[in-house]
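File shown: start.pdb (PDB, C-alpha atoms).
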```
ATOM      1  CA  MET A   1      14.737  39.065 -19.926
ATOM      2  CA  ILE A   2      16.423  41.056 -22.699
ATOM      3  CA  ALA A   3      17.764  44.406 -21.492
ATOM      4  CA  THR A   4      18.280  47.539 -23.580
ATOM      5  CA  ALA A   5      21.385  49.104 -22.056
ATOM      6  CA  ALA A   6      23.955  48.445 -24.772
ATOM      7  CA  ARG A   7      24.014  48.712 -28.531
ATOM      8  CA  ALA A   8      22.821  45.583 -30.270
ATOM      9  CA  ARG A   9      25.500  43.516 -31.937
ATOM     10  CA  LEU A  10      25.172  42.366 -35.532
ATOM     11  CA  ALA A  11      26.667  38.892 -35.699
ATOM     12  CA  ALA A  12      29.453  38.376 -38.200
ATOM     13  CA  THR A  13      28.836  34.621 -38.212
ATOM     14  CA  PRO A  14      26.595  32.647 -40.615
ATOM     15  CA  LEU A  15      22.976  32.032 -39.704
ATOM     16  CA  ASP A  16      23.724  29.150 -37.361
ATOM     17  CA  GLY A  17      25.209  30.769 -34.291
ATOM     18  CA  GLY A  18      22.555  30.318 -31.604
ATOM     19  CA  LEU A  19      21.782  34.032 -31.387
ATOM     20  CA  ASP A  20      18.894  35.977 -29.898
ATOM     21  CA  LEU A  21      17.354  37.023 -33.213
ATOM     22  CA  SER A  22      17.473  36.160 -36.892
ATOM     23  CA  VAL A  23      15.995  38.792 -39.219
ATOM     24  CA  ILE A  24      14.795  37.630 -42.634
ATOM     25  CA  ILE A  25      14.041  40.245 -45.308
ATOM     26  CA  VAL A  26      12.593  39.081 -48.627
ATOM     27  CA  THR A  27      12.966  41.706 -51.325
ATOM     28  CA  TYR A  28      12.003  42.229 -54.945
ATOM     29  CA  ASN A  29      13.017  45.336 -56.919
ATOM     30  CA  VAL A  30      12.817  47.847 -54.048
ATOM     31  CA  ARG A  31      16.532  48.630 -53.737
ATOM     32  CA  ASP A  32      16.223  52.130 -52.285
ATOM     33  CA  LEU A  33      13.590  51.143 -49.732
ATOM     34  CA  LEU A  34      15.694  48.120 -48.787
ATOM     35  CA  ARG A  35      18.681  50.392 -48.204
ATOM     36  CA  HIS A  36      16.664  52.620 -45.831
ATOM     37  CA  CYS A  37      15.300  49.562 -44.057
ATOM     38  CA  LEU A  38      18.777  48.139 -43.469
ATOM     39  CA  VAL A  39      20.145  51.479 -42.271
ATOM     40  CA  THR A  40      17.458  51.701 -39.593
ATOM     41  CA  LEU A  41      17.703  47.997 -38.774
ATOM     42  CA  LEU A  42      21.467  48.099 -38.275
ATOM     43  CA  ALA A  43      21.114  51.149 -36.024
ATOM     44  CA  SER A  44      19.122  49.037 -33.562
ATOM     45  CA  GLU A  45      20.082  49.385 -29.918
ATOM     46  CA  GLY A  46      19.794  46.862 -27.104
ATOM     47  CA  ASP A  47      21.614  44.098 -25.290
ATOM     48  CA  PHE A  48      20.982  41.305 -27.757
ATOM     49  CA  THR A  49      22.724  39.668 -30.691
ATOM     50  CA  TYR A  50      21.194  39.347 -34.102
ATOM     51  CA  GLU A  51      21.884  38.382 -37.664
ATOM     52  CA  VAL A  52      20.327  39.596 -40.894
ATOM     53  CA  ALA A  53      19.658  37.707 -44.110
ATOM     54  CA  VAL A  54      18.339  39.420 -47.225
ATOM     55  CA  VAL A  55      16.665  36.990 -49.608
ATOM     56  CA  ASP A  56      16.434  38.509 -53.059
ATOM     57  CA  ASN A  57      13.655  37.137 -55.279
ATOM     58  CA  ARG A  58      15.578  37.691 -58.503
ATOM     59  CA  SER A  59      15.460  41.484 -58.553
ATOM     60  CA  THR A  60      16.676  43.345 -61.615
ATOM     61  CA  ASP A  61      17.396  46.688 -59.927
ATOM     62  CA  GLY A  62      20.805  45.941 -58.445
ATOM     63  CA  SER A  63      19.530  45.098 -54.960
ATOM     64  CA  VAL A  64      21.979  42.232 -54.457
ATOM     65  CA  ALA A  65      25.010  44.293 -55.462
ATOM     66  CA  MET A  66      23.874  47.169 -53.255
ATOM     67  CA  VAL A  67      23.587  44.993 -50.158
ATOM     68  CA  GLU A  68      26.880  43.231 -50.811
ATOM     69  CA  SER A  69      28.773  46.516 -51.255
ATOM     70  CA  GLU A  70      27.107  48.691 -48.615
ATOM     71  CA  PHE A  71      26.199  46.161 -45.902
ATOM     72  CA  PRO A  72      28.983  43.569 -45.732
ATOM     73  CA  GLY A  73      27.703  42.185 -42.411
ATOM     74  CA  VAL A  74      24.405  41.149 -43.975
ATOM     75  CA  ARG A  75      24.083  37.741 -45.557
ATOM     76  CA  VAL A  76      22.621  37.786 -49.072
ATOM     77  CA  ILE A  77      20.711  34.819 -50.441
ATOM     78  CA  ALA A  78      20.097  35.385 -54.147
ATOM     79  CA  SER A  79      17.248  33.169 -55.273
ATOM     80  CA  GLN A  80      17.397  31.984 -58.861
ATOM     81  CA  VAL A  81      13.605  32.242 -59.112
ATOM     82  CA  ASN A  82      10.936  34.574 -57.769
ATOM     83  CA  GLY A  83       9.116  31.952 -55.772
ATOM     84  CA  GLY A  84       7.112  34.417 -53.726
ATOM     85  CA  PHE A  85       7.115  35.681 -50.140
ATOM     86  CA  ALA A  86       6.732  32.307 -48.405
ATOM     87  CA  TYR A  87       9.350  30.677 -50.614
ATOM     88  CA  GLY A  88      11.857  33.463 -49.987
ATOM     89  CA  ASN A  89      11.335  33.518 -46.243
ATOM     90  CA  ASN A  90      11.756  29.760 -46.051
ATOM     91  CA  LEU A  91      15.144  30.072 -47.767
ATOM     92  CA  GLY A  92      16.236  32.322 -44.921
ATOM     93  CA  LEU A  93      14.428  30.497 -42.135
ATOM     94  CA  ALA A  94      16.075  27.207 -43.074
ATOM     95  CA  HIS A  95      19.379  28.651 -41.783
ATOM     96  CA  ALA A  96      18.110  30.886 -38.952
ATOM     97  CA  GLY A  97      19.876  30.338 -35.649
ATOM     98  CA  GLY A  98      18.171  32.892 -33.393
ATOM     99  CA  ARG A  99      15.870  32.063 -30.489
ATOM    100  CA  PHE A 100      13.447  34.365 -32.268
ATOM    101  CA  VAL A 101      13.007  35.024 -35.974
ATOM    102  CA  LEU A 102      11.645  38.192 -37.506
ATOM    103  CA  LEU A 103       9.946  38.321 -40.877
ATOM    104  CA  LEU A 104      10.510  41.912 -41.990
ATOM    105  CA  ASN A 105       9.480  43.709 -45.164
ATOM    106  CA  PRO A 106      12.076  45.845 -46.969
ATOM    107  CA  ASP A 107       9.613  48.754 -47.048
ATOM    108  CA  THR A 108       9.715  49.228 -43.263
ATOM    109  CA  GLU A 109      11.730  51.666 -41.151
ATOM    110  CA  LEU A 110      12.481  50.812 -37.524
ATOM    111  CA  PRO A 111      13.018  53.013 -34.475
ATOM    112  CA  ALA A 112      16.316  52.217 -32.743
ATOM    113  CA  ASP A 113      14.580  50.453 -29.861
ATOM    114  CA  ALA A 114      11.985  48.537 -31.883
ATOM    115  CA  LEU A 115      13.797  45.204 -31.895
ATOM    116  CA  SER A 116      14.848  45.276 -28.258
ATOM    117  CA  ARG A 117      11.357  46.206 -27.076
ATOM    118  CA  MET A 118       9.620  43.607 -29.226
ATOM    119  CA  LEU A 119      12.061  40.923 -28.110
ATOM    120  CA  ALA A 120      11.534  41.846 -24.467
ATOM    121  CA  TYR A 121       7.771  41.830 -24.992
ATOM    122  CA  LEU A 122       7.692  38.332 -26.452
ATOM    123  CA  ASP A 123      10.440  37.025 -24.170
ATOM    124  CA  ALA A 124       8.317  37.961 -21.153
ATOM    125  CA  ARG A 125       5.330  36.003 -22.493
ATOM    126  CA  PRO A 126       6.474  32.404 -23.027
ATOM    127  CA  TRP A 127       2.931  31.328 -23.884
ATOM    128  CA  ALA A 128       2.901  33.577 -26.977
ATOM    129  CA  GLY A 129       4.242  32.255 -30.260
ATOM    130  CA  ALA A 130       4.318  35.461 -32.284
ATOM    131  CA  ALA A 131       3.870  39.210 -31.945
ATOM    132  CA  GLY A 132       3.755  42.311 -34.095
ATOM    133  CA  PRO A 133       3.968  46.066 -33.505
ATOM    134  CA  LYS A 134       1.727  48.908 -34.550
ATOM    135  CA  LEU A 135       2.417  49.646 -38.221
ATOM    136  CA  VAL A 136       1.693  53.096 -39.593
ATOM    137  CA  ARG A 137       1.673  54.351 -43.172
ATOM    138  CA  ALA A 138       3.720  57.293 -44.418
ATOM    139  CA  ASP A 139       0.743  59.612 -43.842
ATOM    140  CA  GLY A 140       0.542  58.532 -40.195
ATOM    141  CA  THR A 141      -2.570  56.388 -40.552
ATOM    142  CA  LEU A 142      -2.765  52.882 -39.154
ATOM    143  CA  ASP A 143      -1.866  50.026 -41.471
ATOM    144  CA  LEU A 144      -5.016  48.021 -40.846
ATOM    145  CA  ALA A 145      -3.317  44.739 -41.713
ATOM    146  CA  CYS A 146      -1.120  44.860 -38.598
ATOM    147  CA  ARG A 147      -3.810  43.091 -36.523
ATOM    148  CA  ARG A 148      -6.425  40.839 -38.042
ATOM    149  CA  SER A 149      -8.943  38.092 -37.550
ATOM    150  CA  PHE A 150      -8.860  34.927 -39.587
ATOM    151  CA  PRO A 151     -10.951  35.243 -42.785
ATOM    152  CA  SER A 152     -13.664  32.802 -41.795
ATOM    153  CA  PRO A 153     -16.709  32.678 -44.111
ATOM    154  CA  GLU A 154     -18.644  34.982 -41.794
ATOM    155  CA  VAL A 155     -15.827  37.505 -41.337
ATOM    156  CA  SER A 156     -15.061  37.528 -45.073
ATOM    157  CA  PHE A 157     -18.753  37.836 -45.948
ATOM    158  CA  TYR A 158     -19.113  41.009 -43.874
ATOM    159  CA  ARG A 159     -16.008  42.450 -45.519
ATOM    160  CA  MET A 160     -17.123  41.620 -49.061
ATOM    161  CA  LEU A 161     -20.489  43.262 -48.421
ATOM    162  CA  GLY A 162     -18.751  46.395 -47.193
ATOM    163  CA  LEU A 163     -20.207  46.075 -43.705
ATOM    164  CA  SER A 164     -16.780  46.244 -42.074
ATOM    165  CA  LYS A 165     -16.259  49.713 -43.575
ATOM    166  CA  ALA A 166     -19.822  50.838 -42.970
ATOM    167  CA  PHE A 167     -19.679  49.795 -39.304
ATOM    168  CA  PRO A 168     -16.001  50.047 -38.308
ATOM    169  CA  HIS A 169     -16.800  50.024 -34.573
ATOM    170  CA  SER A 170     -19.009  46.948 -34.669
ATOM    171  CA  ARG A 171     -17.634  43.874 -32.900
ATOM    172  CA  ARG A 172     -19.656  41.739 -35.277
ATOM    173  CA  PHE A 173     -19.076  43.379 -38.655
ATOM    174  CA  ALA A 174     -15.566  44.841 -38.219
ATOM    175  CA  ARG A 175     -13.660  41.738 -37.207
ATOM    176  CA  TYR A 176     -11.589  41.499 -40.399
ATOM    177  CA  ASN A 177      -9.259  44.346 -39.397
ATOM    178  CA  LEU A 178     -10.443  44.641 -35.787
ATOM    179  CA  THR A 179     -11.222  48.317 -36.262
ATOM    180  CA  TYR A 180     -13.486  48.266 -33.215
ATOM    181  CA  LEU A 181     -10.381  47.896 -31.018
ATOM    182  CA  ASP A 182      -8.329  50.850 -29.790
ATOM    183  CA  PRO A 183      -5.179  50.778 -31.987
ATOM    184  CA  ASP A 184      -3.119  52.023 -29.030
ATOM    185  CA  GLN A 185      -4.081  49.165 -26.714
ATOM    186  CA  PRO A 186      -2.325  45.778 -26.670
ATOM    187  CA  ALA A 187      -4.489  42.854 -27.671
ATOM    188  CA  GLU A 188      -4.461  39.167 -28.381
ATOM    189  CA  VAL A 189      -5.395  38.746 -32.036
ATOM    190  CA  ASP A 190      -5.728  36.001 -34.589
ATOM    191  CA  SER A 191      -2.806  37.248 -36.664
ATOM    192  CA  VAL A 192      -0.271  39.998 -37.161
ATOM    193  CA  VAL A 193       1.136  40.818 -40.579
ATOM    194  CA  GLY A 194       4.225  39.316 -42.205
ATOM    195  CA  ALA A 195       5.643  42.800 -42.793
ATOM    196  CA  PHE A 196       6.851  42.582 -39.163
ATOM    197  CA  MET A 197       6.150  39.225 -37.603
ATOM    198  CA  LEU A 198       8.308  38.210 -34.647
ATOM    199  CA  ILE A 199       8.117  34.459 -34.047
ATOM    200  CA  ARG A 200       9.475  32.177 -31.354
ATOM    201  CA  ARG A 201      11.772  29.824 -33.264
ATOM    202  CA  ASP A 202      10.696  26.788 -31.228
ATOM    203  CA  CYS A 203       7.200  27.272 -32.625
ATOM    204  CA  LEU A 204       8.411  26.754 -36.164
ATOM    205  CA  ALA A 205       9.860  23.408 -35.150
ATOM    206  CA  THR A 206       6.334  22.451 -34.096
ATOM    207  CA  VAL A 207       4.128  23.946 -36.809
ATOM    208  CA  GLY A 208       6.558  24.099 -39.733
ATOM    209  CA  LEU A 209       7.689  26.895 -42.037
ATOM    210  CA  LEU A 210       5.550  29.074 -44.286
ATOM    211  CA  ASP A 211       3.238  27.339 -46.743
ATOM    212  CA  GLU A 212       4.636  27.996 -50.217
ATOM    213  CA  THR A 213       1.247  27.367 -51.798
ATOM    214  CA  PHE A 214       0.686  31.037 -50.976
ATOM    215  CA  PHE A 215       2.699  33.338 -53.259
ATOM    216  CA  MET A 216       2.529  36.729 -51.559
ATOM    217  CA  TYR A 217      -0.650  36.949 -49.476
ATOM    218  CA  GLY A 218      -2.159  34.701 -46.830
ATOM    219  CA  GLU A 219       0.995  32.916 -45.702
ATOM    220  CA  ASP A 220       1.199  34.984 -42.505
ATOM    221  CA  LEU A 221      -2.456  34.272 -41.693
ATOM    222  CA  ASP A 222      -1.875  30.593 -42.354
ATOM    223  CA  LEU A 223       1.167  30.493 -40.069
ATOM    224  CA  ALA A 224      -0.729  32.301 -37.303
ATOM    225  CA  TYR A 225      -3.627  29.877 -37.718
ATOM    226  CA  ARG A 226      -1.303  26.915 -37.282
ATOM    227  CA  LEU A 227       0.341  28.549 -34.265
ATOM    228  CA  LYS A 228      -3.002  29.032 -32.563
ATOM    229  CA  GLN A 229      -4.118  25.519 -33.451
ATOM    230  CA  ALA A 230      -0.974  24.302 -31.662
ATOM    231  CA  GLY A 231      -1.898  26.269 -28.532
ATOM    232  CA  TRP A 232       0.265  29.391 -28.979
ATOM    233  CA  ARG A 233      -1.109  32.915 -28.759
ATOM    234  CA  VAL A 234      -0.506  35.849 -31.104
ATOM    235  CA  LEU A 235      -0.095  39.367 -29.714
ATOM    236  CA  TYR A 236      -0.356  42.939 -30.974
ATOM    237  CA  ASN A 237       1.975  45.400 -29.216
ATOM    238  CA  PRO A 238       1.216  49.040 -30.119
ATOM    239  CA  ASP A 239       3.874  50.375 -27.750
ATOM    240  CA  VAL A 240       6.296  49.801 -30.629
ATOM    241  CA  VAL A 241       5.512  51.781 -33.788
ATOM    242  CA  VAL A 242       7.072  50.921 -37.153
ATOM    243  CA  LEU A 243       6.745  52.862 -40.407
ATOM    244  CA  HIS A 244       5.482  50.820 -43.349
ATOM    245  CA  HIS A 245       5.776  52.135 -46.921
ATOM    246  CA  LYS A 246       3.191  49.615 -48.018
ATOM    247  CA  GLY A 247       2.728  48.081 -51.436
ATOM    248  CA  GLU A 248       5.840  49.220 -53.313
ATOM    249  CA  SER A 249       6.677  45.760 -54.660
ATOM    250  CA  SER A 250       3.067  44.940 -55.483
ATOM    251  CA  ARG A 251       2.589  48.142 -57.508
ATOM    252  CA  GLN A 252       5.056  46.813 -60.064
ATOM    253  CA  ALA A 253       2.694  44.023 -61.144
ATOM    254  CA  ARG A 254      -0.818  44.994 -60.129
ATOM    255  CA  PHE A 255      -2.575  42.324 -62.174
ATOM    256  CA  ARG A 256      -0.457  39.500 -60.714
ATOM    257  CA  THR A 257      -0.720  40.755 -57.137
ATOM    258  CA  THR A 258      -4.501  41.206 -57.385
ATOM    259  CA  TYR A 259      -4.821  37.692 -58.731
ATOM    260  CA  GLU A 260      -2.646  36.340 -55.911
ATOM    261  CA  PHE A 261      -4.703  38.213 -53.295
ATOM    262  CA  TYR A 262      -7.899  36.455 -54.303
ATOM    263  CA  ARG A 263      -6.150  33.141 -54.916
ATOM    264  CA  ALA A 264      -4.827  33.321 -51.333
ATOM    265  CA  MET A 265      -8.406  33.719 -50.081
ATOM    266  CA  TYR A 266      -9.367  30.507 -51.836
ATOM    267  CA  VAL A 267      -6.256  28.613 -50.704
ATOM    268  CA  PHE A 268      -6.794  29.621 -47.066
ATOM    269  CA  TYR A 269     -10.470  28.702 -47.147
ATOM    270  CA  ARG A 270      -9.791  25.401 -48.873
ATOM    271  CA  LYS A 271      -7.060  24.499 -46.398
ATOM    272  CA  HIS A 272      -8.747  25.449 -43.131
ATOM    273  CA  TYR A 273     -12.521  25.603 -43.605
ATOM    274  CA  TRP A 274     -13.541  23.435 -46.551
ATOM    275  CA  GLY A 275     -13.859  20.188 -44.671
ATOM    276  CA  GLU A 276     -15.840  21.792 -41.829
ATOM    277  CA  ARG A 277     -18.503  23.382 -44.064
ATOM    278  CA  ASN A 278     -21.231  21.915 -46.206
ATOM    279  CA  SER A 279     -21.017  21.789 -49.985
ATOM    280  CA  ALA A 280     -23.511  24.625 -50.462
ATOM    281  CA  LEU A 281     -21.442  27.039 -48.368
ATOM    282  CA  ASN A 282     -18.234  25.900 -50.054
ATOM    283  CA  ALA A 283     -19.768  26.630 -53.451
ATOM    284  CA  LEU A 284     -21.044  30.019 -52.263
ATOM    285  CA  VAL A 285     -17.657  31.080 -50.883
ATOM    286  CA  THR A 286     -15.803  29.882 -53.972
ATOM    287  CA  GLY A 287     -18.253  31.726 -56.219
ATOM    288  CA  ALA A 288     -17.934  34.930 -54.199
ATOM    289  CA  ILE A 289     -14.138  34.840 -54.436
ATOM    290  CA  LEU A 290     -14.290  34.208 -58.196
ATOM    291  CA  VAL A 291     -16.745  37.055 -58.760
ATOM    292  CA  ARG A 292     -14.915  39.579 -56.604
ATOM    293  CA  GLY A 293     -11.544  38.592 -58.001
ATOM    294  CA  GLY A 294     -12.810  38.632 -61.572
ATOM    295  CA  LEU A 295     -14.309  42.088 -61.150
ATOM    296  CA  ALA A 296     -11.095  43.420 -59.626
ATOM    297  CA  LEU A 297      -9.016  42.044 -62.497
ATOM    298  CA  ALA A 298     -11.468  43.362 -65.075
ATOM    299  CA  GLU A 299     -11.272  46.810 -63.494
ATOM    300  CA  LEU A 300      -7.489  46.769 -63.739
ATOM    301  CA  ALA A 301      -7.612  45.620 -67.362
ATOM    302  CA  LEU A 302     -10.082  48.372 -68.228
ATOM    303  CA  ALA A 303      -7.993  51.042 -66.492
ATOM    304  CA  LYS A 304      -4.928  49.895 -68.399
ATOM    305  CA  ALA A 305      -6.791  49.977 -71.713
ATOM    306  CA  VAL A 306      -8.135  53.470 -71.058
ATOM    307  CA  SER A 307      -4.711  54.789 -70.124
ATOM    308  CA  ARG A 308      -3.149  53.741 -73.423
TER
END
```
In structure tokens, what does this structure look like?
Amino acid sequence: MIATAARARLAATPLDGGLDLSVIIVTYNVRDLLRHCLVTLLASEGDFTYEVAVVDNRSTDGSVAMVESEFPGVRVIASQVNGGFAYGNNLGLAHAGGRFVLLLNPDTELPADALSRMLAYLDARPWAGAAGPKLVRADGTLDLACRRSFPSPEVSFYRMLGLSKAFPHSRRFARYNLTYLDPDQPAEVDSVVGAFMLIRRDCLATVGLLDETFFMYGEDLDLAYRLKQAGWRVLYNPDVVVLHHKGESSRQARFRTTYEFYRAMYVFYRKHYWGERNSALNALVTGAILVRGGLALAELALAKAVSR
């Protein structure tokens, strides 16, 4: 069991040292948020060793220089292309040496005991492959993405019709974001979000790394799906609360991120459900994604035209 008596030690060695935890942060043009994230991360307390790798997806805001000058103990991997969230995390994960790996967004801020408590939580449950904390937005509201069900045709259908919002306490209609569950109670869930996803490293040896077909949405759901298919469980631990300044990177390219959101829906469905459903349902789901995605993109285009 991992104790919390002493200050955590940031390893000065490369990402191959057989440590307790490897933290991977993929960043794109959010230098100031990344700085705050690293300050809170490196103030972590607990009797464990960890290493940090920042993977920069070709930022143009000086993020790489900032990390190199202000955080010399952090390894920087400067990607020559912006290959997306899965691509960037895989660059870091390929060298991770910790017993656990943490996928962490640069727009998060951690309490000093967040890492030690999450490590202890997962360490005590060897049957669990991944876990995530309670994520809250800057206004104190719950980040609904921190605990989710897989977007099966039925679950997605209820969400697209607005039934999940209309009946947030319904076990049938509100499965997408599990809003019928008490956010302050631990639960086994289908998936936690890649903004803070703690994973047992041995699991990755079994199920593989992130699927780079996904650019910036859906890869965490896909990984959780593969974990559960392999017999591992995924847990939500609200006893640890992490601040999430959500969506700062995505705001910089709204059209691209909206497109990728709906493309991820299609990729996930095609990968995990297509072969199990009949052709009529496959056509219906594909059509629904195209219509909803097209309308969302058209709305963005119209808003941009009006604002000129």
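Residue nearest A:Phe261, chosen from A:His36, A:Arg58, A:Arg277, A:Arg292 and counting only C-alpha atoms: A:Arg292.
The smallest atom-to-atom distance between A:Leu235 and any of A:Leu281, A:Cys146, A:Ala78, A:Met160, using all atoms listed in the file, is found for A:Cys146.
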So which residues touch stretch 96-110 of chain A within 7 Å, counting all atoms listed in the file, skipping near sequence neighbours fewer than 5 positions away, as a PyMOL selection string? chain A and resi 15-27+33-34+36-37+40-41+194-201+242-246
Pick out the residues sitting within 7 Å of A:Val241, and hand them over as a list in words; count all atoms listed in the file, and ignore anything fewer than 2 positions along from it in its own chain. Pro133, Lys134, Leu135, Pro238, Asp239 and Leu243 of chain A
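Of the listed residues (A:Gly287, A:Gly293, A:Pro168, A:Gly208), A:Gly208 comes nearest to A:Leu93; the distances count all atoms listed in the file.
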Residues returned when the PyMOL selection byres ((chain A and resi 131) around 10) runs on this file, as number ranges by chain: A: 102, 118-119, 121-122, 128-130, 132-133, 147, 188-189, 191-193, 196-200, 224, 233-237
Do you have the atom CA of A:Arg270-atom CA of A:Glu154 distance handy? 14.8 Å
If we count only C-alpha atoms, what is near A:His272 at a cut-off of 12 Å, once residues fewer than 3 positions away on the same chain are taken out, given as a VMD selection string? chain A and resid 150 to 153 218 221 to 223 225 to 226 229 265 to 269 275 to 277 282
Run the PyMOL selection byres ((chain A and resi 158) around 12) mentally over the shown coordinates, then write out the matched residues as a ChimeraX atom specification, using the chain letters and numbers from the document. /A:151-157,159-168,170-177
Atom CA of A:Val74 to atom CA of A:Val207 measures 27.5 Å
Please evaluate the PyMOL selection byres ((chain A and resi 57) around 6) against the displayed coordinates and give the resulting residues as a compact mmCIF listing (two decimals) with C-alpha atoms, in the frame of the given file.
```
# COMPACT_ATOMS: atom_id res chain seq x y z
CA TYR A 28 12.00 42.23 -54.94
CA ASP A 56 16.43 38.51 -53.06
CA ARG A 58 15.58 37.69 -58.50
CA SER A 59 15.46 41.48 -58.55
CA SER A 79 17.25 33.17 -55.27
CA ASN A 82 10.94 34.57 -57.77
```
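Checking A:Pro126, A:Pro111, A:Pro183, A:Gly294 one by one against A:Gly46, counting all atoms listed in the file, you find the shortest gap at A:Pro111.
Atom CA of A:Gly73 to atom CA of A:Val55 spans 14.2 Å [interatomic distance, one decimal].
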Which residues are near A:Ala94? Cut-off 9 Å, all atoms listed in the file, ignore same chain within fewer than 4 positions. Put them as a list in words. Asn89, Asn90 and Leu209 of chain A
